[in-house]
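Report on the following structure.
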Amino acid sequence: MKESRLMLIQYATAVLALALVAAHLIMQGVILPYDTAISFNNILSIYQNWIYAGFLEALLVVVLVHGFNGLRIILHEWRQTAPWSRWVDLGTVAAVAVAVGYGTRTVILAVFGGVSG
Amino acid sequence: MSLVGEERAKNKRGIWGWLNPYHYNLERWAYTFQRVTGVAVLLYLLGHLGDTSFFVGGPTGTGPSSSSWSFIGSIFENSFGHLILVLVVLVLTFHGVNGIRLILSEFGLIMKKPSGIEYPYRPKSLGSVQKSLVWVAIAAAVVAALWTYLVLFEGMG
């Protein structure tokens, strides 16, 4: 993918992340008291609401793409040899895939998994 | 090594170049902090991915587990963990607001028009709007961190 397109993705995910993270923080510390917000039952009710679960999945993807693409940009600024650039790009794709996969597993298990004590 | 290669090696400062304060203006400091806070937030994010997975029993879990969630809460829900969250909100807010400044300047919206070089050679890119937005980012970060402190340590919210 062209570097200019990757920068546009970086800016688009930045704006989206700003809105989603702000909403996440407001849900955790403003709408409900923090102790209630992080209680097991409250989080379970969040995951069992499809809109909230979708919101958390979108937050996960947006911040991870933005974060790892940002790290890729820093690493490209650091060194510019062709092998380095290739490995950084491959590493970024792999890191995003693994992290999104692990986070999505949490969301799927929270939504569909059986509750235990 | 060729002459060009030697010249390039001499001028190469790499990551450590970010942290050398010599001859830095406000914009350059904002550049450094944008990257340092970005890496810090990414590290926190990976940790947060790990701790939230304990809601479903951790890496080997199969579904929501209150005992696993209580276990991870007993590790992070204390003064030290809350202090980390205050610092995360501080750097996250700076990164977000300063990032908006960078996007605006990338699209040329808050850049001054190019002009001739005049003594004392102040960078034309760093206009009053840009400078103000850096300070807005710092102020927003402090206010957000203070709010988080009040929520976590004083029970507000």
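Letters for chains follow the order of the structure tokens (A, B, ...), residue numbers begin at 1 for each chain, and ligand numbers begin at 1 in the order shown.
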*Residues of chain B within 9 Å of chain A, using only C-alpha atoms, as an MDAnalysis selection string?*
chainID B and resid 13:15 35 38:39 41:42 45:46 49:50 52:56 58:59 61:70 93 96:97 99:100 103 148 151:152 155:157
*asked:* Set the distance at 9 Å and use only C-alpha atoms: which residues neighbour Ser105 of chain B once local chain neighbours fewer than 5 positions away are removed? I'd like the list as a list in words.
replied: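 Final neighbour list, sorted by chain and number: Ile100, Ile110, Met111, Ser125 and Gln130 of chain B.
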Can you spit out the residues from that selection as a compact mmCIF listing (two decimals), in the first residue's frame, using N, CA and C atoms?
```txt
# COMPACT_ATOMS: atom_id res chain seq x y z
N ILE B 100 -4.51 16.06 16.83
CA ILE B 100 -5.44 16.87 16.02
C ILE B 100 -4.69 18.07 15.42
N ILE B 110 -3.55 25.18 9.49
CA ILE B 110 -3.09 26.13 10.50
C ILE B 110 -1.64 26.55 10.26
N MET B 111 -1.20 26.39 9.01
CA MET B 111 0.17 26.79 8.67
C MET B 111 0.17 28.21 8.15
N SER B 125 6.41 27.84 10.17
CA SER B 125 5.37 26.84 10.41
C SER B 125 4.73 27.02 11.79
N GLN B 130 -0.68 27.32 16.00
CA GLN B 130 0.05 26.07 16.31
C GLN B 130 0.58 26.10 17.74
```
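For the pair atom CA of Thr81 of chain A and atom CA of Val61 of chain A, the interatomic distance is 29.1 Å.
Taking atom CA of Arg28 of chain B as the reference point, atom CA of Asn98 of chain B is found at 12.1 Å.
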*Find the distance between atom CA of Gly57 of chain B and atom CA of Phe71 of chain B and write it in Å to one decimal.*
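Calculated distance between atom CA of Gly57 of chain B and atom CA of Phe71 of chain B is 9.7 Å.
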_Quick check for you: according to DSSP on this backbone, which residues of segment 18-147 of chain B are classed as helix (DSSP H, G or I)? Reply as a PyMOL selection string._
chain B and resi 18-19+26-56+58-60+66-76+79-106+128-147
*Could you check which of B:His48, B:Leu133, B:Leu126, B:Leu87 is closest to Leu146 of chain B, using only C-alpha atoms?*
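Of all the options, B:Leu87 lies closest to Leu146 of chain B.
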